[in-house]
$ cat final28.txt   # compact mmCIF, C-alpha atoms and all ligand atoms
# COMPACT_ATOMS: atom_id res chain seq x y z
CA MET A 145 111.15 -6.15 -134.14
CA ALA A 146 111.19 -2.42 -133.39
CA LYS A 147 114.49 -0.60 -133.03
CA THR A 148 115.52 0.46 -129.55
CA PRO A 149 115.33 4.27 -129.46
CA THR A 150 118.61 6.03 -128.60
CA THR A 151 119.90 9.55 -128.32
CA GLN A 152 123.57 8.61 -128.19
CA SER A 153 125.75 8.94 -131.28
CA ARG A 154 127.59 6.04 -132.83
CA SER A 155 130.99 7.36 -131.70
CA ASP A 156 129.74 7.91 -128.10
CA TYR A 157 128.42 4.36 -128.09
CA VAL A 158 131.73 2.92 -129.36
CA GLU A 159 133.78 4.93 -126.88
CA LYS A 160 131.60 3.86 -123.94
CA GLN A 161 131.70 0.17 -124.95
CA LEU A 162 135.49 0.25 -125.36
CA ARG A 163 135.83 1.62 -121.84
CA LEU A 164 133.56 -1.17 -120.58
CA LEU A 165 135.49 -3.80 -122.48
CA GLU A 166 138.93 -2.72 -121.25
CA VAL A 167 140.42 -4.48 -124.27
CA GLU A 168 144.17 -4.23 -124.56
CA THR A 169 145.46 -1.47 -126.81
CA PRO A 170 146.47 -3.48 -129.94
CA ALA A 171 142.98 -4.94 -130.14
CA ILE A 172 141.11 -1.66 -129.96
CA PRO A 173 141.16 -0.81 -133.69
CA HIS A 174 139.61 -4.20 -134.41
CA MET A 175 137.04 -3.86 -131.65
CA THR A 176 136.04 -0.41 -132.87
CA GLY A 177 134.81 -1.87 -136.14
CA VAL A 178 132.92 -4.57 -134.30
CA LEU A 179 131.30 -2.03 -131.98
CA GLU A 180 130.29 0.21 -134.89
CA ARG A 181 128.48 -2.74 -136.38
CA ASP A 182 126.95 -3.41 -132.93
CA TYR A 183 125.56 0.09 -132.96
CA ASP A 184 124.18 -0.27 -136.47
CA GLN A 185 122.53 -3.53 -135.58
CA ARG A 186 121.07 -2.34 -132.30
CA PHE A 187 119.86 1.08 -133.33
CA GLU A 188 119.62 1.14 -137.13
CA TYR A 189 118.47 -2.29 -137.33
CA LYS A 190 116.40 -4.43 -139.65
CA PRO A 191 115.18 -7.93 -138.72
CA LYS A 192 117.51 -10.46 -140.27
CA ARG A 193 116.45 -13.83 -138.96
CA THR A 194 114.12 -15.59 -141.35
CA LYS A 195 115.41 -19.13 -140.90
CA SER A 196 117.27 -21.15 -138.32
CA PRO A 197 120.98 -20.24 -138.18
CA SER A 198 123.80 -22.68 -137.41
CA ARG A 199 125.89 -20.35 -135.22
CA ILE A 200 125.28 -17.26 -133.10
CA ALA A 201 128.01 -15.26 -131.34
CA TRP A 202 127.75 -12.28 -129.01
CA HIS A 203 129.72 -10.71 -126.19
CA ASP A 204 128.55 -9.25 -122.93
CA GLY A 205 131.64 -7.29 -121.97
CA LYS A 206 134.55 -9.59 -121.28
CA VAL A 207 133.07 -12.88 -122.45
CA LEU A 208 132.39 -14.04 -126.00
CA HIS A 209 129.56 -16.59 -126.15
CA VAL A 210 129.16 -18.84 -129.18
CA ILE A 211 126.27 -21.27 -129.67
CA ARG A 212 126.65 -23.60 -132.59
CA LEU A 213 124.59 -26.38 -134.11
CA GLY A 214 126.69 -28.97 -135.89
CA LYS A 215 128.21 -32.44 -135.89
CA THR A 216 130.89 -33.82 -133.59
CA THR A 217 133.71 -36.28 -134.21
CA ASN A 218 133.91 -37.14 -130.51
CA ALA A 219 132.46 -40.66 -130.29
CA LYS A 220 131.82 -40.37 -126.53
CA ILE A 221 129.55 -37.38 -127.09
CA ALA A 222 127.27 -38.39 -129.95
CA ARG A 223 127.00 -40.33 -133.19
CA PRO A 224 128.63 -38.67 -136.21
CA THR A 225 125.16 -38.07 -137.70
CA ASP A 226 123.69 -36.38 -134.59
CA LYS A 227 123.05 -32.64 -134.64
CA VAL A 228 124.65 -31.26 -131.48
CA LEU A 229 124.00 -27.80 -130.05
CA GLN A 230 127.17 -26.73 -128.23
CA THR A 231 127.96 -23.62 -126.20
CA TYR A 232 131.44 -22.07 -126.01
CA HIS A 233 132.58 -19.22 -123.75
CA PHE A 234 135.81 -17.39 -124.51
CA ASP A 235 137.61 -14.49 -122.88
CA LEU A 236 137.28 -11.56 -125.27
CA ARG A 237 141.08 -11.24 -125.23
CA GLN A 238 141.28 -14.73 -126.79
CA LEU A 239 139.14 -13.44 -129.66
CA ALA A 240 141.35 -10.32 -129.90
CA LEU A 241 144.44 -12.54 -130.06
CA VAL A 242 142.99 -14.59 -132.91
CA ARG A 243 141.75 -11.47 -134.71
CA SER A 244 145.16 -9.81 -134.54
CA HIS A 245 146.80 -12.87 -136.18
CA LEU A 246 144.31 -13.41 -138.99
CA ASP A 247 146.88 -12.60 -141.68
CA GLY A 248 148.93 -15.62 -140.52
CA LYS A 249 152.19 -13.63 -140.59
CA SER A 250 152.93 -14.18 -136.91
CA LYS A 251 151.98 -17.01 -134.59
CA PHE A 252 150.98 -17.47 -130.97
CA SER A 253 151.19 -20.55 -128.81
CA MET A 254 148.45 -22.72 -127.32
CA LYS A 255 149.67 -21.63 -123.87
CA GLN A 256 149.35 -17.93 -124.81
CA PHE A 257 145.77 -18.58 -125.88
CA PHE A 258 144.71 -20.51 -122.77
CA ASP A 259 146.60 -18.12 -120.45
CA LEU A 260 143.92 -15.57 -121.37
CA ASP A 261 141.11 -17.67 -119.84
CA GLU A 262 140.32 -15.48 -116.83
CA ALA A 263 136.95 -14.11 -117.95
CA CYS A 264 135.63 -17.39 -119.38
CA CYS A 265 136.97 -19.96 -116.89
CA LEU A 266 136.97 -17.74 -113.77
CA ASP A 267 138.78 -19.48 -110.89
CA CYS A 268 138.37 -23.02 -112.23
CA PRO A 269 141.08 -25.27 -110.77
CA LEU A 270 141.80 -26.65 -114.26
CA SER A 271 142.26 -23.23 -115.88
CA ASN A 272 145.56 -21.62 -116.82
CA ASN A 273 144.85 -18.33 -115.05
CA ALA A 274 143.89 -19.77 -111.65
CA GLY A 275 144.60 -23.50 -111.66
CA ASP A 276 146.94 -26.21 -112.90
CA GLY A 277 146.01 -25.84 -116.59
CA ASN A 278 145.03 -29.52 -116.83
CA CYS A 279 141.66 -28.89 -118.48
CA TYR A 280 140.62 -31.64 -120.91
CA THR A 281 140.10 -28.93 -123.58
CA HIS A 282 143.79 -28.01 -123.53
CA LYS A 283 144.58 -30.53 -126.25
CA VAL A 284 145.75 -29.80 -129.77
CA GLY A 285 142.62 -31.22 -131.42
CA GLN A 286 140.19 -29.10 -129.40
CA TYR A 287 142.43 -26.04 -129.55
CA LYS A 288 142.59 -26.18 -133.35
CA GLY A 289 138.81 -26.47 -133.47
CA PHE A 290 138.40 -23.38 -131.25
CA LEU A 291 140.85 -21.37 -133.38
CA SER A 292 139.17 -22.38 -136.59
CA MET A 293 135.75 -21.35 -135.25
CA LEU A 294 137.06 -18.03 -133.90
CA ARG A 295 138.79 -17.22 -137.20
CA SER A 296 135.60 -17.91 -139.08
CA ILE A 297 133.64 -15.70 -136.65
CA CYS A 298 136.15 -12.86 -137.15
CA ARG A 299 136.09 -13.14 -140.93
CA ASN A 300 132.30 -13.09 -141.02
CA ASP A 301 132.06 -10.20 -138.53
CA GLU A 302 129.59 -12.18 -136.45
CA VAL A 303 130.21 -10.78 -132.99
CA PHE A 304 127.77 -8.24 -131.57
CA TYR A 305 127.34 -6.72 -128.15
CA GLY A 306 124.50 -8.35 -126.25
CA LEU A 307 121.92 -10.83 -127.39
CA ASP A 308 118.95 -9.31 -129.18
CA ASP A 309 115.52 -10.91 -129.53
CA VAL A 310 116.21 -12.04 -133.08
CA ASP A 311 119.31 -14.00 -132.07
CA ARG A 312 117.52 -15.35 -129.00
CA LEU A 313 114.86 -16.71 -131.32
CA GLY A 314 117.60 -18.12 -133.57
CA ILE A 315 119.08 -20.01 -130.61
CA LYS A 316 115.70 -21.50 -129.79
CA LEU A 317 115.27 -22.56 -133.42
CA MET A 318 118.69 -24.23 -133.34
CA ALA A 319 117.81 -25.98 -130.06
CA GLU A 320 114.62 -27.31 -131.61
CA ARG A 321 116.65 -28.90 -134.42
CA ALA A 322 119.22 -30.44 -132.07
CA ASP A 323 119.50 -34.12 -131.17
CA TYR A 324 121.57 -33.25 -128.10
CA ILE A 325 122.60 -30.10 -126.23
CA ARG A 326 126.04 -29.74 -124.69
CA PHE A 327 126.64 -26.71 -122.46
CA GLY A 328 130.22 -25.53 -121.94
CA THR A 329 132.17 -27.34 -124.64
CA TYR A 330 134.70 -24.65 -123.75
CA GLY A 331 134.50 -22.25 -120.81
CA GLU A 332 132.11 -21.87 -117.91
CA PRO A 333 128.51 -22.43 -119.04
CA SER A 334 126.96 -20.68 -116.05
CA LEU A 335 128.16 -17.43 -117.66
CA LEU A 336 125.12 -17.82 -119.91
CA PRO A 337 122.00 -16.05 -118.64
CA ILE A 338 119.96 -18.58 -116.65
CA ASP A 339 116.77 -17.75 -118.57
CA LEU A 340 118.53 -18.53 -121.84
CA VAL A 341 119.71 -21.89 -120.47
CA GLY A 342 116.11 -22.60 -119.44
CA ASP A 343 114.77 -21.60 -122.87
CA ILE A 344 117.27 -23.88 -124.63
CA VAL A 345 116.51 -26.85 -122.41
CA LEU A 346 112.75 -26.34 -122.48
CA SER A 347 112.65 -25.93 -126.25
CA LYS A 348 112.56 -29.71 -126.63
CA ARG A 349 112.65 -30.99 -123.11
CA ASP A 350 110.80 -34.24 -123.71
CA HIS A 351 112.90 -35.36 -126.64
CA VAL A 352 116.39 -33.97 -126.25
CA LYS A 353 119.07 -34.74 -123.70
CA TRP A 354 121.42 -32.09 -122.44
CA THR A 355 124.58 -32.05 -120.31
CA GLY A 356 126.53 -29.34 -118.50
CA TYR A 357 129.18 -29.07 -115.78
CA THR A 358 130.40 -26.21 -113.62
CA HIS A 359 133.25 -25.52 -111.26
CA GLN A 360 131.31 -22.61 -109.76
CA ALA A 361 128.80 -24.70 -107.76
CA ARG A 362 129.93 -23.29 -104.42
CA LYS A 363 129.32 -19.71 -105.50
CA GLU A 364 126.16 -18.02 -104.30
CA TRP A 365 125.50 -16.47 -107.73
CA ALA A 366 125.64 -19.88 -109.46
CA GLN A 367 123.01 -21.69 -107.37
CA ALA A 368 120.19 -21.46 -109.92
CA TYR A 369 122.29 -23.45 -112.41
CA LYS A 370 122.01 -26.61 -110.27
CA ALA A 371 118.70 -27.14 -112.04
CA PHE A 372 120.54 -27.85 -115.30
CA PHE A 373 124.24 -28.52 -114.65
CA MET A 374 126.33 -30.93 -112.60
CA ALA A 375 128.84 -29.73 -110.03
CA SER A 376 132.34 -30.87 -110.98
CA ALA A 377 133.88 -32.66 -108.00
CA HIS A 378 137.05 -34.64 -107.30
CA SER A 379 135.91 -37.14 -104.63
CA ASP A 380 132.70 -38.24 -102.89
CA LYS A 381 133.71 -36.09 -99.92
CA ASP A 382 134.14 -33.11 -102.23
CA ALA A 383 130.75 -33.84 -103.83
CA ALA A 384 129.02 -34.18 -100.46
CA SER A 385 130.26 -30.74 -99.50
CA ILE A 386 128.47 -29.15 -102.47
CA THR A 387 124.96 -29.13 -101.09
CA GLY A 388 121.88 -29.24 -103.27
CA TRP A 389 123.71 -30.21 -106.46
CA ARG A 390 124.20 -33.46 -108.29
CA SER A 391 127.90 -33.99 -108.92
CA PHE A 392 130.11 -35.39 -111.64
CA VAL A 393 133.05 -36.90 -109.77
CA CYS A 394 136.48 -37.53 -111.33
CA VAL A 395 138.01 -40.37 -109.31
CA ASP A 396 141.38 -42.09 -109.19
CA LYS A 397 141.68 -45.74 -110.20
CA GLY A 398 140.63 -48.12 -107.42
CA ASP A 399 138.26 -45.59 -105.91
CA THR A 400 135.40 -46.55 -103.63
CA SER A 401 132.98 -43.86 -104.78
CA THR A 402 129.31 -44.77 -104.59
CA ALA A 403 128.44 -42.65 -107.63
CA VAL A 404 127.12 -44.25 -110.84
CA GLN A 405 129.84 -45.10 -113.36
CA CYS A 406 129.50 -43.05 -116.55
CA PRO A 407 128.29 -45.55 -119.17
CA ALA A 408 130.29 -43.83 -121.91
CA SER A 409 133.56 -44.04 -119.96
CA ALA A 410 136.54 -45.82 -121.49
CA GLU A 411 135.91 -48.71 -119.06
CA LEU A 412 132.30 -49.30 -120.22
CA SER A 413 131.86 -47.63 -123.65
CA LEU A 414 128.17 -48.53 -123.62
CA THR A 415 126.60 -45.37 -125.00
CA THR A 416 127.04 -41.68 -125.86
CA CYS A 417 126.16 -38.55 -123.86
CA ALA A 418 123.53 -37.75 -126.51
CA LYS A 419 121.70 -40.97 -125.66
CA CYS A 420 122.45 -41.05 -121.93
CA GLY A 421 121.93 -37.46 -120.72
CA LEU A 422 122.44 -38.34 -117.05
CA CYS A 423 124.61 -35.26 -116.45
CA SER A 424 121.75 -32.77 -116.49
CA GLY A 425 121.43 -31.34 -112.99
CA VAL A 426 118.59 -31.81 -110.55
CA THR A 427 115.79 -31.22 -113.09
CA GLY A 428 117.25 -33.50 -115.77
CA LYS A 429 117.56 -37.26 -115.94
CA GLY A 430 118.71 -39.30 -112.96
CA ARG A 431 119.06 -38.44 -109.29
CA LYS A 432 122.49 -39.82 -108.35
CA ASN A 433 126.00 -38.50 -108.72
CA ILE A 434 128.06 -39.74 -111.70
CA LYS A 435 131.69 -40.79 -111.62
CA ILE A 436 134.38 -41.24 -114.21
CA ASN A 437 137.96 -42.46 -113.78
CA MET A 438 140.83 -40.09 -114.32
CA HIS A 439 143.25 -41.32 -116.97
S1 LIG B 501 136.87 -27.11 -117.13
FE1 LIG B 501 135.79 -25.47 -118.24
S2 LIG B 501 136.05 -23.68 -116.93
FE2 LIG B 501 137.59 -25.16 -116.28
S3 LIG B 501 139.45 -24.66 -117.46
FE3 LIG B 501 138.31 -26.20 -118.62
S4 LIG B 501 137.05 -25.04 -120.04
FE4 LIG B 501 137.72 -23.62 -118.43
S1 LIG B 502 126.92 -40.18 -117.45
FE1 LIG B 502 125.92 -40.02 -119.45
S2 LIG B 502 125.74 -37.84 -119.85
FE2 LIG B 502 127.22 -38.08 -118.18
S3 LIG B 502 129.23 -38.09 -119.18
FE3 LIG B 502 128.54 -40.22 -118.97
S4 LIG B 502 127.48 -40.70 -120.91
FE4 LIG B 502 127.68 -38.46 -120.77
$ encode --input "final28.txt" --output "structure tokens"
Amino acid sequence: MAKTPTTQSRSDYVEKQLRLLEVETPAIPHMTGVLERDYDQRFEYKPKRTKSPSRIAWHDGKVLHVIRLGKTTNAKIARPTDKVLQTYHFDLRQLALVRSHLDGKSKFSMKQFFDLDEACCLDCPLSNNAGDGNCYTHKVGQYKGFLSMLRSICRNDEVFYGLDDVDRLGIKLMAERADYIRFGTYGEPSLLPIDLVGDIVLSKRDHVKWTGYTHQARKEWAQAYKAFFMASAHSDKDAASITGWRSFVCVDKGDTSTAVQCPASAELSLTTCAKCGLCSGVTGKGRKNIKINMH
């Protein structure tokens, strides 16, 4: 792929990006190195993708996106042998926090990490920044997995600004190898560009199931994502008020919801998301709302 022509110097580029990022002061020395490599890749750049990768990370300002192809140990999601493509969306300050503790000499708490979720979880009612903090990802097992992935990304200097055509192709290659695609394993998946979501889904539409959920379904800007994702809702009444979307409804025990019971729920345990794929928006599989009991 041809390099993008530029007249700006490397230092001008880094300075401008730092202003855009608004990263807190202690993180800036780390981000400077990352941005210098961004510049080198974008403007002094040689094609590097000759085979399908297993992980691609980039940031678009305040959000770090990671797309990873790998296995899962979560039996509700997929079999241990399935290749699962998962998307993660972090606030860039969460990456800065991890990066500034790489030497292991000082520690930070799980709460400190999730308190920085403003850019990646927006105003989600389960987030720490705007809600009650009761997100299902706020568990030690998941948290450790996120930290381990972020540390590895920092050590390998994998984060670049923006998604270039080579990495876009890499994501499509990963999607083609996947047995199942899971959007938003952490963070708000509608922060991904809609055309990228479409490319991922369409890469193997007839063979691969995907799932995705959003708490942004009432927002005007998020409407296109109803094609691929479910609206997260907390009752049938709540779901009915989100027009045009299919909903995934978390209900209390003894509920009277008319939605279809999730077949992988603890009550049924009949299948995995990789096999079921019902939570895939209005263009995916199924037409009804889905429900699962809160535990
Ligand atoms: S449900 Fe998603 S958006 Fe909401 S707090 Fe959890 S990870 Fe963030
Ligand atoms: S309905 Fe299917 S896709 Fe949705 S959570 Fe349950 S098993 Fe997964």
$ atom_distance --input "final28.txt" --atom1 "atom CA of A:Lys316" --atom2 "atom CA of A:Ala371"
18.9 Å
$ closest_residue --input "final28.txt" --among "A:Asn273, A:Leu260, A:Gly314, A:Phe290" --to "A:Ser198" --atoms "only C-alpha atoms"
A:Gly314
$ residues_near_ligand --input "final28.txt" --ligand "ligand LIG 501 (chain B)" --cutoff "9 Å" --atoms "all atoms listed in the file" --output "PyMOL selection string"
chain A and resi 232-234+258+261-262+264-282+328-333+357-360+376
$ axis_aligned_box --input "final28.txt" --around "ligand LIG 502 (chain B)" --padding-each-side "6 Å" --output "JSON"
{"center_x": 127.5, "center_y": -39.3, "center_z": -119.2, "size_x": 15.5, "size_y": 14.9, "size_z": 15.5}
$ residues_around --input "final28.txt" --residues "stretch 393-408 of chain A" --least-positions-apart "3" --cutoff "6 Å" --atoms "only C-alpha atoms" --output "PyMOL selection string"
chain A and resi 220+377-380+412-416+433-438
$ write_last_selection --input "final28.txt" --atoms "C-alpha atoms" --output "PDB file, in the frame of the given file"
ATOM      1  CA  LYS A 220     131.820 -40.370-126.530  1.00  0.00           C
ATOM      2  CA  ALA A 377     133.880 -32.660-108.000  1.00  0.00           C
ATOM      3  CA  HIS A 378     137.050 -34.640-107.300  1.00  0.00           C
ATOM      4  CA  SER A 379     135.910 -37.140-104.630  1.00  0.00           C
ATOM      5  CA  ASP A 380     132.700 -38.240-102.890  1.00  0.00           C
ATOM      6  CA  LEU A 412     132.300 -49.300-120.220  1.00  0.00           C
ATOM      7  CA  SER A 413     131.860 -47.630-123.650  1.00  0.00           C
ATOM      8  CA  LEU A 414     128.170 -48.530-123.620  1.00  0.00           C
ATOM      9  CA  THR A 415     126.600 -45.370-125.000  1.00  0.00           C
ATOM     10  CA  THR A 416     127.040 -41.680-125.860  1.00  0.00           C
ATOM     11  CA  ASN A 433     126.000 -38.500-108.720  1.00  0.00           C
ATOM     12  CA  ILE A 434     128.060 -39.740-111.700  1.00  0.00           C
ATOM     13  CA  LYS A 435     131.690 -40.790-111.620  1.00  0.00           C
ATOM     14  CA  ILE A 436     134.380 -41.240-114.210  1.00  0.00           C
ATOM     15  CA  ASN A 437     137.960 -42.460-113.780  1.00  0.00           C
ATOM     16  CA  MET A 438     140.830 -40.090-114.320  1.00  0.00           C
TER      17      MET A 438
END
